[in-house]
$ cat target-v4.tsv   # TSV, C-alpha atoms (C1' of nucleotides)
chain	number	residue	atom	x	y	z
T	226	MET	CA	6.74	31.42	-31.81
T	227	GLN	CA	9.46	28.89	-32.20
T	228	THR	CA	10.83	28.97	-28.67
T	229	THR	CA	7.45	28.57	-27.03
T	230	GLU	CA	6.54	25.66	-29.23
T	231	TRP	CA	9.78	23.99	-28.41
T	232	ASN	CA	9.26	24.46	-24.70
T	233	ASP	CA	5.72	23.19	-24.86
T	234	SER	CA	6.71	20.03	-26.60
T	235	LEU	CA	9.62	19.45	-24.24
T	236	GLU	CA	7.34	19.92	-21.30
T	237	THR	CA	4.86	17.47	-22.74
T	238	PHE	CA	7.66	15.03	-23.27
T	239	HIS	CA	8.80	15.33	-19.66
T	240	TYR	CA	5.25	15.00	-18.48
T	241	ASN	CA	4.74	11.81	-20.45
T	242	MET	CA	8.02	10.35	-19.35
T	243	ILE	CA	7.28	11.05	-15.70
T	244	SER	CA	3.89	9.50	-16.16
T	245	GLU	CA	5.02	6.35	-17.98
T	246	PHE	CA	8.58	5.58	-17.05
T	247	SER	CA	7.83	5.96	-13.36
T	248	LYS	CA	5.45	3.01	-13.56
T	249	THR	CA	8.35	0.72	-14.31
T	250	LEU	CA	10.41	2.15	-11.50
T	251	GLU	CA	7.56	1.53	-9.08
T	252	MET	CA	8.11	-2.15	-9.70
T	253	PHE	CA	11.40	-1.81	-7.89
T	254	SER	CA	9.40	-1.16	-4.74
T	255	LEU	CA	9.56	2.57	-5.00
T	256	ASN	CA	6.39	4.48	-4.27
T	257	THR	CA	4.80	6.84	-6.77
T	258	THR	CA	6.51	10.00	-5.60
T	259	GLU	CA	9.95	8.40	-5.39
T	260	SER	CA	9.58	7.05	-8.91
T	261	GLN	CA	8.34	10.31	-10.34
T	262	LEU	CA	11.09	12.19	-8.61
T	263	PHE	CA	13.75	9.91	-9.98
T	264	VAL	CA	12.49	10.35	-13.53
T	265	THR	CA	12.43	14.10	-13.01
T	266	LEU	CA	16.02	14.13	-11.86
T	267	TYR	CA	16.94	11.70	-14.58
T	268	LEU	CA	15.60	13.99	-17.29
T	269	SER	CA	16.97	17.17	-15.83
T	270	GLU	CA	20.08	18.57	-17.43
T	271	ASP	CA	21.20	20.15	-14.19
T	272	PRO	CA	21.11	19.02	-10.58
T	273	MET	CA	17.97	20.13	-8.74
T	274	THR	CA	17.16	21.66	-5.38
T	275	LEU	CA	14.24	20.66	-3.18
T	276	ASP	CA	12.39	23.73	-4.38
T	277	ASP	CA	12.97	22.80	-8.02
T	278	MET	CA	11.53	19.36	-7.34
T	279	LYS	CA	8.64	20.83	-5.42
T	280	HIS	CA	7.68	22.92	-8.44
T	281	ALA	CA	8.32	20.15	-10.92
T	282	LEU	CA	5.97	17.70	-9.19
T	283	GLY	CA	3.65	20.15	-7.46
T	284	LYS	CA	4.07	18.55	-4.07
T	285	SER	CA	5.27	19.80	-0.71
T	286	LYS	CA	8.88	20.27	0.24
T	287	THR	CA	8.50	17.65	2.94
T	288	ALA	CA	7.37	15.11	0.38
T	289	MET	CA	10.39	15.89	-1.77
T	290	ASN	CA	12.73	15.68	1.17
T	291	ASN	CA	11.42	12.25	2.15
T	292	ALA	CA	11.49	10.92	-1.38
T	293	VAL	CA	14.97	12.14	-2.16
T	294	ARG	CA	16.29	10.61	1.04
T	295	THR	CA	15.06	7.14	0.27
T	296	LEU	CA	16.47	7.52	-3.24
T	297	LEU	CA	19.77	8.39	-1.61
T	298	ASP	CA	19.48	5.34	0.62
T	299	TYR	CA	19.10	3.16	-2.43
T	300	ASN	CA	22.00	4.87	-4.15
T	301	LEU	CA	19.85	5.98	-7.03
T	302	VAL	CA	20.56	9.64	-6.50
T	303	GLU	CA	23.55	11.61	-5.32
T	304	ARG	CA	24.07	14.94	-3.68
T	305	VAL	CA	26.39	17.28	-5.53
T	306	TRP	CA	28.03	20.54	-4.63
T	307	LYS	CA	28.14	23.65	-6.72
T	308	LYS	CA	30.15	26.72	-5.82
T	309	GLY	CA	28.03	29.56	-4.58
T	310	VAL	CA	24.81	27.56	-4.23
T	311	ARG	CA	23.58	27.22	-0.68
T	312	LYS	CA	20.79	24.78	-1.32
T	313	ASP	CA	21.46	21.07	-1.54
T	314	LEU	CA	21.64	19.80	-5.09
T	315	TYR	CA	20.69	16.34	-6.23
T	316	GLN	CA	21.07	14.43	-9.46
T	317	ALA	CA	20.22	10.96	-10.69
T	318	GLU	CA	23.00	8.41	-10.74
T	319	LYS	CA	24.23	7.23	-14.12
T	320	ASP	CA	23.93	3.59	-15.18
T	321	LEU	CA	20.22	3.14	-14.87
T	322	TYR	CA	20.16	-0.63	-14.97
T	323	ASP	CA	23.17	-1.17	-12.77
T	324	LYS	CA	21.98	1.10	-10.00
T	325	PHE	CA	18.41	-0.12	-9.94
T	326	MET	CA	19.32	-3.77	-10.09
T	327	ARG	CA	21.84	-3.35	-7.33
T	328	ALA	CA	19.38	-1.56	-5.08
T	329	TYR	CA	16.70	-4.11	-5.77
T	330	VAL	CA	18.83	-7.19	-5.35
T	331	ASN	CA	20.33	-5.85	-2.16
T	332	ARG	CA	16.97	-5.38	-0.61
T	333	TRP	CA	15.90	-8.87	-1.63
T	334	LEU	CA	19.05	-10.40	-0.22
T	335	GLU	CA	18.76	-8.56	3.06
T	336	ALA	CA	15.17	-9.62	3.47
T	337	ILE	CA	15.82	-13.23	2.52
T	338	GLU	CA	18.71	-13.54	4.91
T	339	ARG	CA	16.65	-12.10	7.73
T	340	GLN	CA	13.73	-14.39	6.96
T	341	LYS	CA	15.88	-17.46	6.63
T	342	SER	CA	17.37	-16.90	10.02
T	343	ASN	CA	13.86	-16.51	11.43
T	344	LEU	CA	12.92	-19.88	9.99
T	345	GLN	CA	16.05	-21.44	11.41
T	346	GLN	CA	15.03	-20.04	14.76
T	347	ILE	CA	11.72	-21.83	14.44
T	348	GLU	CA	13.59	-24.95	13.45
T	349	LYS	CA	15.67	-24.90	16.63
T	350	GLN	CA	12.72	-24.26	18.85
T	351	PHE	CA	10.75	-26.95	17.09
T	352	ALA	CA	13.51	-29.51	17.52
T	353	ASN	CA	13.18	-29.43	21.30
T	354	GLU	CA	9.48	-30.19	21.31
T	355	PRO	CA	7.69	-33.52	21.29
T	356	SER	CA	6.11	-32.68	17.96
T	357	LYS	CA	9.46	-33.08	16.28
T	358	HIS	CA	8.18	-36.47	15.30
T	359	ASN	CA	5.78	-34.93	12.84
T	360	HIS	CA	7.74	-35.67	9.73
T	361	GLN	CA	5.24	-34.12	7.37
T	362	THR	CA	5.48	-30.77	9.06
T	363	ASN	CA	9.22	-30.81	9.44
T	364	GLU	CA	9.60	-31.49	5.75
T	365	LYS	CA	7.63	-28.35	4.98
T	366	LEU	CA	9.92	-26.31	7.16
T	367	GLN	CA	12.98	-27.74	5.44
T	368	GLU	CA	11.50	-27.00	2.04
T	369	ALA	CA	10.80	-23.42	3.09
T	370	ILE	CA	14.41	-22.97	4.14
T	371	LYS	CA	15.59	-24.50	0.92
T	372	PHE	CA	13.30	-22.08	-0.89
T	373	HIS	CA	15.17	-19.21	0.73
T	374	ASN	CA	18.53	-20.69	-0.20
T	375	THR	CA	17.52	-20.98	-3.81
T	376	LEU	CA	16.30	-17.39	-3.85
T	377	GLU	CA	19.57	-16.28	-2.32
T	378	ASP	CA	21.51	-18.02	-5.09
T	379	VAL	CA	19.38	-16.58	-7.85
T	380	PHE	CA	19.64	-13.02	-6.59
T	381	ASN	CA	23.34	-13.35	-5.93
T	382	ASP	CA	23.77	-14.36	-9.54
T	383	LEU	CA	21.90	-11.26	-10.66
T	384	HIS	CA	24.59	-9.14	-9.07
T	385	LYS	CA	27.37	-10.69	-11.02
T	386	GLU	CA	26.17	-9.96	-14.52
Y	144	MET	CA	-1.68	-34.87	28.45
Y	145	GLN	CA	0.44	-35.95	25.55
Y	146	THR	CA	-2.02	-35.25	22.76
Y	147	THR	CA	-2.82	-31.76	23.94
Y	148	GLU	CA	0.83	-30.86	24.28
Y	149	TRP	CA	1.46	-32.12	20.81
Y	150	ASN	CA	-1.40	-30.11	19.38
Y	151	ASP	CA	-0.31	-26.98	21.19
Y	152	SER	CA	3.17	-27.18	19.85
Y	153	LEU	CA	1.95	-27.89	16.34
Y	154	GLU	CA	-0.37	-24.94	16.53
Y	155	THR	CA	2.47	-22.72	17.71
Y	156	PHE	CA	4.57	-23.97	14.87
Y	157	HIS	CA	1.90	-23.13	12.31
Y	158	TYR	CA	1.40	-19.76	13.91
Y	159	ASN	CA	5.10	-18.94	13.68
Y	160	MET	CA	5.35	-20.18	10.13
Y	161	ILE	CA	2.38	-18.10	9.02
Y	162	SER	CA	3.88	-15.13	10.76
Y	163	GLU	CA	7.41	-15.50	9.37
Y	164	PHE	CA	7.29	-17.31	6.08
Y	165	SER	CA	4.51	-15.09	4.79
Y	166	LYS	CA	6.87	-12.12	4.99
Y	167	THR	CA	9.01	-13.61	2.28
Y	168	LEU	CA	6.01	-14.36	0.11
Y	169	GLU	CA	4.88	-10.76	0.41
Y	170	MET	CA	8.01	-9.83	-1.50
Y	171	PHE	CA	6.47	-11.50	-4.52
Y	172	SER	CA	3.89	-8.72	-4.53
Y	173	LEU	CA	1.29	-10.64	-2.59
Y	174	ASN	CA	-0.54	-8.77	0.12
Y	175	THR	CA	-0.56	-9.90	3.73
Y	176	THR	CA	-3.69	-11.99	3.58
Y	177	GLU	CA	-2.73	-13.72	0.35
Y	178	SER	CA	0.67	-14.61	1.78
Y	179	GLN	CA	-0.73	-15.87	5.06
Y	180	LEU	CA	-3.33	-17.88	3.24
Y	181	PHE	CA	-0.78	-19.53	1.03
Y	182	VAL	CA	1.33	-20.56	4.01
Y	183	THR	CA	-1.76	-21.94	5.69
Y	184	LEU	CA	-2.65	-24.03	2.67
Y	185	TYR	CA	0.96	-25.02	2.26
Y	186	LEU	CA	1.16	-26.40	5.79
Y	187	SER	CA	-2.21	-28.09	5.72
Y	188	GLU	CA	-2.19	-31.83	5.22
Y	189	ASP	CA	-5.59	-31.73	3.53
Y	190	PRO	CA	-7.21	-29.33	1.09
Y	191	MET	CA	-9.19	-26.59	2.79
Y	192	THR	CA	-12.60	-24.99	2.32
Y	193	LEU	CA	-13.31	-21.28	2.58
Y	194	ASP	CA	-14.70	-21.88	6.05
Y	195	ASP	CA	-11.55	-23.71	7.11
Y	196	MET	CA	-9.47	-20.76	5.95
Y	197	LYS	CA	-11.79	-18.32	7.63
Y	198	HIS	CA	-11.27	-20.05	10.96
Y	199	ALA	CA	-7.55	-20.53	10.42
Y	200	LEU	CA	-6.88	-16.83	9.82
Y	201	GLY	CA	-9.81	-15.32	11.72
Y	202	LYS	CA	-10.99	-13.25	8.78
Y	203	SER	CA	-14.21	-13.03	6.82
Y	204	LYS	CA	-15.24	-15.47	4.15
Y	205	THR	CA	-15.19	-12.72	1.56
Y	206	ALA	CA	-11.59	-11.93	2.40
Y	207	MET	CA	-10.72	-15.60	1.95
Y	208	ASN	CA	-12.60	-15.79	-1.30
Y	209	ASN	CA	-10.75	-12.80	-2.71
Y	210	ALA	CA	-7.36	-13.97	-1.56
Y	211	VAL	CA	-7.77	-17.51	-2.85
Y	212	ARG	CA	-8.85	-16.19	-6.22
Y	213	THR	CA	-5.77	-14.11	-6.75
Y	214	LEU	CA	-3.67	-17.08	-5.64
Y	215	LEU	CA	-5.48	-19.11	-8.28
Y	216	ASP	CA	-4.75	-16.42	-10.85
Y	217	TYR	CA	-1.07	-16.67	-10.07
Y	218	ASN	CA	-1.19	-20.45	-10.24
Y	219	LEU	CA	-0.02	-20.80	-6.67
Y	220	VAL	CA	-3.10	-22.70	-5.54
Y	221	GLU	CA	-5.39	-25.21	-7.17
Y	222	ARG	CA	-8.97	-26.25	-6.66
Y	223	VAL	CA	-9.46	-29.93	-6.04
Y	224	TRP	CA	-12.50	-32.15	-5.96
Y	225	LYS	CA	-13.35	-34.68	-3.31
Y	226	LYS	CA	-16.24	-37.09	-3.59
Y	227	GLY	CA	-19.13	-36.19	-1.33
Y	228	VAL	CA	-17.82	-32.74	-0.39
Y	229	ARG	CA	-19.99	-29.92	-1.64
Y	230	LYS	CA	-17.74	-27.04	-0.67
Y	231	ASP	CA	-14.89	-25.95	-2.90
Y	232	LEU	CA	-11.53	-27.33	-1.81
Y	233	TYR	CA	-8.19	-25.64	-2.35
Y	234	GLN	CA	-4.62	-26.68	-1.85
Y	235	ALA	CA	-1.19	-25.13	-2.39
Y	236	GLU	CA	0.65	-26.08	-5.53
Y	237	LYS	CA	3.79	-28.19	-5.16
Y	238	ASP	CA	7.17	-26.85	-6.26
Y	239	LEU	CA	7.37	-23.76	-4.16
Y	240	TYR	CA	10.21	-22.08	-6.00
Y	241	ASP	CA	9.07	-22.94	-9.48
Y	242	LYS	CA	5.53	-21.68	-9.02
Y	243	PHE	CA	6.45	-18.47	-7.26
Y	244	MET	CA	9.23	-17.58	-9.65
Y	245	ARG	CA	7.01	-18.22	-12.61
Y	246	ALA	CA	4.20	-16.08	-11.23
Y	247	TYR	CA	6.59	-13.32	-10.35
Y	248	VAL	CA	8.55	-13.27	-13.58
Y	249	ASN	CA	5.38	-13.36	-15.62
Y	250	ARG	CA	4.05	-10.30	-13.95
Y	251	TRP	CA	7.32	-8.47	-14.45
Y	252	LEU	CA	7.47	-9.39	-18.12
Y	253	GLU	CA	3.90	-8.33	-18.76
Y	254	ALA	CA	4.48	-5.00	-17.09
Y	255	ILE	CA	7.78	-4.36	-18.82
Y	256	GLU	CA	6.36	-5.11	-22.23
Y	257	ARG	CA	3.43	-2.81	-21.62
Y	258	GLN	CA	5.69	-0.03	-20.39
Y	259	LYS	CA	8.14	-0.41	-23.20
Y	260	SER	CA	5.44	-0.02	-25.76
Y	261	ASN	CA	4.26	3.09	-23.95
Y	262	LEU	CA	7.73	4.56	-24.23
Y	263	GLN	CA	7.88	3.68	-27.91
Y	264	GLN	CA	4.62	5.52	-28.30
Y	265	ILE	CA	6.20	8.58	-26.79
Y	266	GLU	CA	9.17	8.10	-29.09
Y	267	LYS	CA	6.96	8.17	-32.19
Y	268	GLN	CA	5.05	11.20	-31.09
Y	269	PHE	CA	8.26	12.94	-30.14
Y	270	ALA	CA	9.85	12.28	-33.52
Y	271	ASN	CA	7.27	14.44	-35.31
Y	272	GLU	CA	7.87	17.48	-33.17
Y	273	PRO	CA	10.35	20.31	-33.58
Y	274	SER	CA	12.02	19.37	-30.33
Y	275	LYS	CA	13.35	16.22	-31.90
Y	276	HIS	CA	16.55	18.14	-32.24
Y	277	ASN	CA	17.11	17.99	-28.52
Y	278	HIS	CA	19.71	15.27	-28.56
Y	279	GLN	CA	20.19	15.20	-24.81
Y	280	THR	CA	16.56	14.40	-24.20
Y	281	ASN	CA	16.29	11.86	-26.95
Y	282	GLU	CA	19.25	9.99	-25.54
Y	283	LYS	CA	17.48	9.67	-22.24
Y	284	LEU	CA	14.47	8.16	-23.93
Y	285	GLN	CA	16.64	5.69	-25.78
Y	286	GLU	CA	18.38	4.71	-22.59
Y	287	ALA	CA	15.04	4.17	-20.88
Y	288	ILE	CA	13.92	1.86	-23.67
Y	289	LYS	CA	17.21	0.01	-23.49
Y	290	PHE	CA	16.66	-0.30	-19.76
Y	291	HIS	CA	13.42	-2.13	-20.45
Y	292	ASN	CA	15.08	-4.40	-22.98
Y	293	THR	CA	17.75	-5.39	-20.50
Y	294	LEU	CA	15.14	-6.11	-17.86
Y	295	GLU	CA	13.23	-8.21	-20.32
Y	296	ASP	CA	16.33	-10.28	-21.02
Y	297	VAL	CA	17.16	-10.77	-17.37
Y	298	PHE	CA	13.69	-11.90	-16.42
Y	299	ASN	CA	13.42	-14.14	-19.44
Y	300	ASP	CA	16.59	-15.86	-18.31
Y	301	LEU	CA	15.09	-16.42	-14.90
Y	302	HIS	CA	12.40	-18.53	-16.49
Y	303	LYS	CA	14.81	-20.88	-18.14
Y	304	GLU	CA	16.65	-22.09	-15.05
K	121	DT	C1'	-41.67	-26.62	-4.64
K	122	DA	C1'	-39.93	-24.89	-0.55
K	123	DG	C1'	-35.87	-24.72	2.04
K	124	DT	C1'	-30.93	-24.86	2.83
K	125	DC	C1'	-26.15	-24.27	1.59
K	126	DC	C1'	-22.49	-22.14	-0.70
K	127	DG	C1'	-19.81	-18.79	-3.43
K	128	DT	C1'	-19.88	-14.13	-4.99
K	129	DA	C1'	-21.30	-9.27	-5.33
K	130	DA	C1'	-22.33	-4.78	-3.24
K	131	DA	C1'	-22.21	-1.25	0.22
K	132	DG	C1'	-20.32	0.62	4.13
K	133	DT	C1'	-16.40	0.86	7.58
K	134	DT	C1'	-11.62	0.76	9.23
K	135	DT	C1'	-6.83	1.51	8.96
K	136	DG	C1'	-2.41	2.79	7.30
K	137	DA	C1'	0.39	5.17	3.84
K	138	DA	C1'	1.19	9.51	1.78
K	139	DC	C1'	0.80	14.28	1.97
K	140	DT	C1'	0.54	19.14	3.89
K	141	DG	C1'	1.49	23.15	6.76
K	142	DA	C1'	3.50	24.92	10.73
K	143	DA	C1'	7.24	24.95	13.86
K	144	DC	C1'	12.13	24.22	14.77
K	145	DA	C1'	17.26	24.18	14.58
K	146	DA	C1'	21.46	24.73	12.30
K	147	DA	C1'	24.13	27.38	9.07
K	148	DC	C1'	24.93	31.40	6.81
K	149	DT	C1'	24.72	36.71	6.03
K	150	DT	C1'	25.02	41.31	7.21
J	97	DA	C1'	24.03	39.81	17.50
J	98	DA	C1'	19.95	39.88	14.83
J	99	DG	C1'	17.78	38.23	10.89
J	100	DT	C1'	17.49	34.99	6.77
J	101	DT	C1'	17.62	30.86	4.53
J	102	DT	C1'	17.35	25.91	4.28
J	103	DG	C1'	16.64	21.13	5.64
J	104	DT	C1'	14.10	18.43	8.90
J	105	DT	C1'	10.59	17.11	12.46
J	106	DC	C1'	5.95	16.82	14.07
J	107	DA	C1'	0.96	16.85	14.27
J	108	DG	C1'	-2.94	16.59	11.80
J	109	DT	C1'	-5.54	15.42	7.30
J	110	DT	C1'	-6.77	12.80	3.12
J	111	DC	C1'	-7.47	8.90	0.49
J	112	DA	C1'	-7.10	4.24	-1.17
J	113	DA	C1'	-6.64	-0.59	0.12
J	114	DA	C1'	-8.31	-4.15	2.96
J	115	DC	C1'	-11.89	-5.89	5.64
J	116	DT	C1'	-16.77	-6.94	7.34
J	117	DT	C1'	-21.60	-7.38	7.01
J	118	DT	C1'	-25.51	-7.96	4.36
J	119	DA	C1'	-27.74	-9.41	0.39
J	120	DC	C1'	-28.30	-12.19	-3.70
J	121	DG	C1'	-28.42	-16.15	-7.07
J	122	DG	C1'	-27.52	-20.73	-8.38
J	123	DA	C1'	-27.25	-25.59	-6.95
J	124	DC	C1'	-28.43	-29.22	-4.22
J	125	DT	C1'	-32.02	-31.65	-0.95
J	126	DA	C1'	-36.13	-33.26	1.12
$ encode --input "target-v4.tsv" --output "structure tokens"
Amino acid sequence: MQTTEWNDSLETFHYNMISEFSKTLEMFSLNTTESQLFVTLYLSEDPMTLDDMKHALGKSKTAMNNAVRTLLDYNLVERVWKKGVRKDLYQAEKDLYDKFMRAYVNRWLEAIERQKSNLQQIEKQFANEPSKHNHQTNEKLQEAIKFHNTLEDVFNDLHKE
Amino acid sequence: MQTTEWNDSLETFHYNMISEFSKTLEMFSLNTTESQLFVTLYLSEDPMTLDDMKHALGKSKTAMNNAVRTLLDYNLVERVWKKGVRKDLYQAEKDLYDKFMRAYVNRWLEAIERQKSNLQQIEKQFANEPSKHNHQTNEKLQEAIKFHNTLEDVFNDLHKE
DNA sequence: TAGTCCGTAAAGTTTGAACTGAACAAACTT
DNA sequence: AAGTTTGTTCAGTTCAAACTTTACGGACTA
């Protein structure tokens, strides 16, 4: 039967995409479920409810709820409203590259800034101590800070493309 | 006593550096031990043996052996030879930024290439099926492949800076 | 050749991330 | 007001990654 065949092949396609494409998304520091869920939403023609997702991935509602919330945090997914539907509806954001890069770079920048300030804290504390005369060691600290500055520059540039 | 004070403060410094700096290195997809080990080697004036590392981090020799080997794989550490010393000696590579970026970008590029070819495989297989007429779905696949191409370009550029 | 030292492999243990099911609270329906 | 429906919280479980201990094999030494 034509319709069944069509559905089978579409399902296989979705299955393969979830399986393969999600691997790339995991590299953006998403875990397996978050990645799979994004691909699912990405491929879906319509926005999905938690129950839809639950069935699509065969996992618990709690798992879906957690995953979709971190995807929301990263701005990779949005909640949409549809008249007459009580359940929350979610869909993948457009602009795959833009959204993922932005989420990724932001997290890098936040982390780098935090870490740099930690190193500068060590620097201060270290400056008051007798061991400040250890040039060798101090140089390493300076290089580490410079390392963070360079990373900051590189990731800032990634935003502006 | 002057010397003791000096040593204490140096030890505190190393401790803080291992604790803080390693967090940044973990973002390059190194695990905790690998990151801590790199910082340890980085701060050390002399190359270290497995036993040195073991004492420095308070972990087993096997753990050190594993960690140092993945650091070698990523070209972040090198083995050096010293006359009269039987144990293997390791030291951190110079050029912090250069080495880490290279290791990181390489792993991204390898993964992206692999994933892209997987998607192209799906594309082929999909082209032979009746469902090829589903334009909506095919567009998604094309966009996903394009996504990989863009990533490839971006990370290639990172190498050339 | 026997004995020691060192790196690596193998087997078993620990620990944390991810997942599930049950319970709860807010919003809606009747 | 009572009863559903839906998202979220919490407590307990499962499983894979990281770690340790023990054992092994090759290289040096006496």
$ residues_around --input "target-v4.tsv" --residues "J:DT116" --least-positions-apart "5" --cutoff "9 Å" --atoms "all atoms listed in the file" --output "list of chain:residue names"
Y:Lys202, Y:Ser203, Y:Thr205, Y:Ala206, K:DG132, K:DT133
$ residues_around --input "target-v4.tsv" --residues "T:Leu366" --least-positions-apart "4" --cutoff "8 Å" --atoms "all atoms listed in the file" --output "list in words"
Leu344, Glu348, Thr362 and Ile370 of chain T
$ residues_around --input "target-v4.tsv" --residues "K:DA145" --least-positions-apart "3" --cutoff "12 Å" --atoms "all atoms listed in the file" --output "VMD selection string"
chain J and resid 102 to 105
$ residues_around --input "target-v4.tsv" --residues "stretch 108-112 of chain J" --least-positions-apart "5" --cutoff "12 Å" --atoms "all atoms listed in the file" --output "VMD selection string"
chain K and resid 134 to 142
$ closest_residue --input "target-v4.tsv" --among "T:Asn290, T:Asn241, T:Asn353, T:Asn300" --to "chain J" --atoms "all atoms listed in the file"
T:Asn290
$ residues_around --input "target-v4.tsv" --residues "T:His239" --least-positions-apart "5" --cutoff "12 Å" --atoms "only C-alpha atoms (C1' of nucleotides)" --output "PyMOL selection string"
(chain T and resi 232-234+244-247+261-262+264-270+281-282) or (chain Y and resi 262+265-266+269+274+280-281+283-284)
